[in-house]
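Peer 1: You'll find structure-v3.txt just under this line, and it carries compact mmCIF, C-alpha atoms.
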# COMPACT_ATOMS: atom_id res chain seq x y z
CA MET A 145 -61.62 -58.59 -133.45
CA SER A 146 -63.68 -55.44 -133.04
CA THR A 147 -65.95 -53.76 -135.54
CA MET A 148 -66.38 -50.02 -136.06
CA ARG A 149 -68.52 -47.90 -138.30
CA ILE A 150 -66.60 -44.98 -139.75
CA ASN A 151 -67.88 -41.99 -141.71
CA ILE A 152 -65.18 -40.78 -144.08
CA LEU A 153 -65.10 -36.99 -144.30
CA ASN A 154 -61.96 -36.59 -146.38
CA PRO A 155 -61.14 -38.70 -149.48
CA LYS A 156 -57.53 -38.97 -148.27
CA ALA A 157 -58.77 -41.04 -145.33
CA ALA A 158 -60.32 -43.54 -147.74
CA LYS A 159 -56.96 -43.94 -149.41
CA LEU A 160 -55.30 -44.55 -146.04
CA LEU A 161 -57.87 -47.19 -145.17
CA LYS A 162 -57.32 -48.88 -148.53
CA ASN A 163 -53.58 -48.95 -147.82
CA LEU A 164 -54.22 -50.58 -144.43
CA ALA A 165 -56.40 -53.18 -146.13
CA ASP A 166 -53.65 -53.86 -148.69
CA LEU A 167 -51.28 -54.54 -145.78
CA ASN A 168 -53.82 -57.01 -144.34
CA LEU A 169 -54.13 -54.92 -141.19
CA ILE A 170 -57.86 -54.32 -141.65
CA SER A 171 -60.61 -55.65 -143.83
CA ILE A 172 -63.14 -53.46 -145.58
CA GLN A 173 -66.64 -54.71 -146.22
CA ALA A 174 -69.05 -52.90 -148.47
CA SER A 175 -72.21 -51.87 -146.70
CA SER A 176 -75.56 -50.68 -147.90
CA ASN A 177 -76.09 -46.94 -147.52
CA ASN A 178 -79.74 -47.62 -146.93
CA SER A 179 -80.34 -50.32 -144.35
CA PHE A 180 -84.09 -50.06 -144.97
CA GLU A 181 -83.51 -51.02 -148.59
CA GLY A 182 -81.51 -54.04 -147.47
CA LEU A 183 -84.27 -55.06 -145.11
CA LEU A 184 -86.84 -54.81 -147.89
CA LYS A 185 -84.74 -56.98 -150.18
CA LYS A 186 -84.36 -59.57 -147.44
CA LEU A 187 -88.08 -59.64 -146.70
CA ARG A 188 -89.02 -59.79 -150.37
CA ALA A 189 -86.60 -62.66 -150.96
CA ASN A 190 -88.37 -64.67 -148.25
CA ALA A 191 -91.85 -63.97 -149.61
CA LYS A 192 -93.30 -66.48 -152.04
CA SER A 193 -95.23 -63.83 -153.92
CA ALA A 194 -95.87 -60.16 -153.39
CA PRO A 195 -99.49 -59.01 -153.23
CA SER A 196 -100.85 -57.20 -156.25
CA ALA A 197 -102.03 -53.60 -156.10
CA GLU A 198 -105.63 -54.81 -156.23
CA GLU A 199 -105.11 -57.15 -153.28
CA ILE A 200 -103.56 -54.35 -151.25
CA ALA A 201 -106.44 -52.00 -152.12
CA GLN A 202 -109.00 -54.62 -151.07
CA GLU A 203 -107.27 -55.14 -147.73
CA VAL A 204 -107.12 -51.39 -147.11
CA GLU A 205 -110.83 -51.07 -147.86
CA LEU A 206 -111.65 -53.91 -145.46
CA VAL A 207 -109.70 -52.24 -142.66
CA ARG A 208 -111.25 -48.85 -143.36
CA ASN A 209 -114.76 -50.29 -143.39
CA SER A 210 -114.20 -52.10 -140.09
CA ARG A 211 -112.93 -48.88 -138.47
CA TYR A 212 -115.83 -46.75 -139.68
CA GLU A 213 -118.43 -49.31 -138.53
CA LYS A 214 -117.43 -48.80 -134.89
What is this structure when it is put down as structure tokens?

Peer 2:
Amino acid sequence: MSTMRINILNPKAAKLLKNLADLNLISIQASSNNSFEGLLKKLRANAKSAPSAEEIAQEVELVRNSRYEK
């Protein structure tokens, strides 16, 4: 089995692909248009809790202070 990524330019091609899937010649899997969004969802699902805005701001300030001290 080989996998291909196809960009459909003409809606008629989508219909042809659907027909091929109906004949069990190919399988069509839905994919995320934004792989970055999928990655974020995956990472967030693995995190126990997301940091609050205040925690993020504190961390940013710590990093900025350490940079400016040098």

Peer 1: Give me, as a compact mmCIF listing (two decimals) with C-alpha atoms, in the coordinates of the input, all polymer residues having an atom no more than 12 Å from stretch 159-174 of chain A, counting all atoms listed in the file and skipping those fewer than 4 positions away in the same chain.

Peer 2:
# COMPACT_ATOMS: atom_id res chain seq x y z
CA MET A 145 -61.62 -58.59 -133.45
CA SER A 146 -63.68 -55.44 -133.04
CA THR A 147 -65.95 -53.76 -135.54
CA MET A 148 -66.38 -50.02 -136.06
CA ARG A 149 -68.52 -47.90 -138.30
CA ILE A 150 -66.60 -44.98 -139.75
CA ASN A 151 -67.88 -41.99 -141.71
CA ILE A 152 -65.18 -40.78 -144.08
CA LEU A 153 -65.10 -36.99 -144.30
CA ASN A 154 -61.96 -36.59 -146.38
CA PRO A 155 -61.14 -38.70 -149.48

Peer 1: How far is it from atom CA of A:Leu183 to atom CA of A:Val204, in Å with one decimal?

Peer 2: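 Separation between atom CA of A:Leu183 and atom CA of A:Val204: 23.2 Å.
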
Peer 1: As an exercise, work out the distance from atom CA of A:Ser175 to atom CA of A:Ala157 in Å and give it to one decimal place.

Peer 2: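 Taking atom CA of A:Ser175 as the start and atom CA of A:Ala157 as the end point, the length is 17.3 Å.
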
Peer 1: Between atom CA of A:Gly182 and atom CA of A:Ser196, what is the distance in Å, rounded to a tenth?

Peer 2: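 Spanning atom CA of A:Gly182 to atom CA of A:Ser196 is a straight-line distance of 21.5 Å.
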
Peer 1: Grab all the atoms of stretch 148-161 of chain A that the file lists, wrap them in a box along x, y and z, add 3 Å per side, and give me centre plus edge lengths in Å (one decimal) as lines of an AutoDock Vina configuration file.

Peer 2:
center_x = -61.9
center_y = -43.3
center_z = -142.8
size_x = 19.2
size_y = 19.4
size_z = 19.4
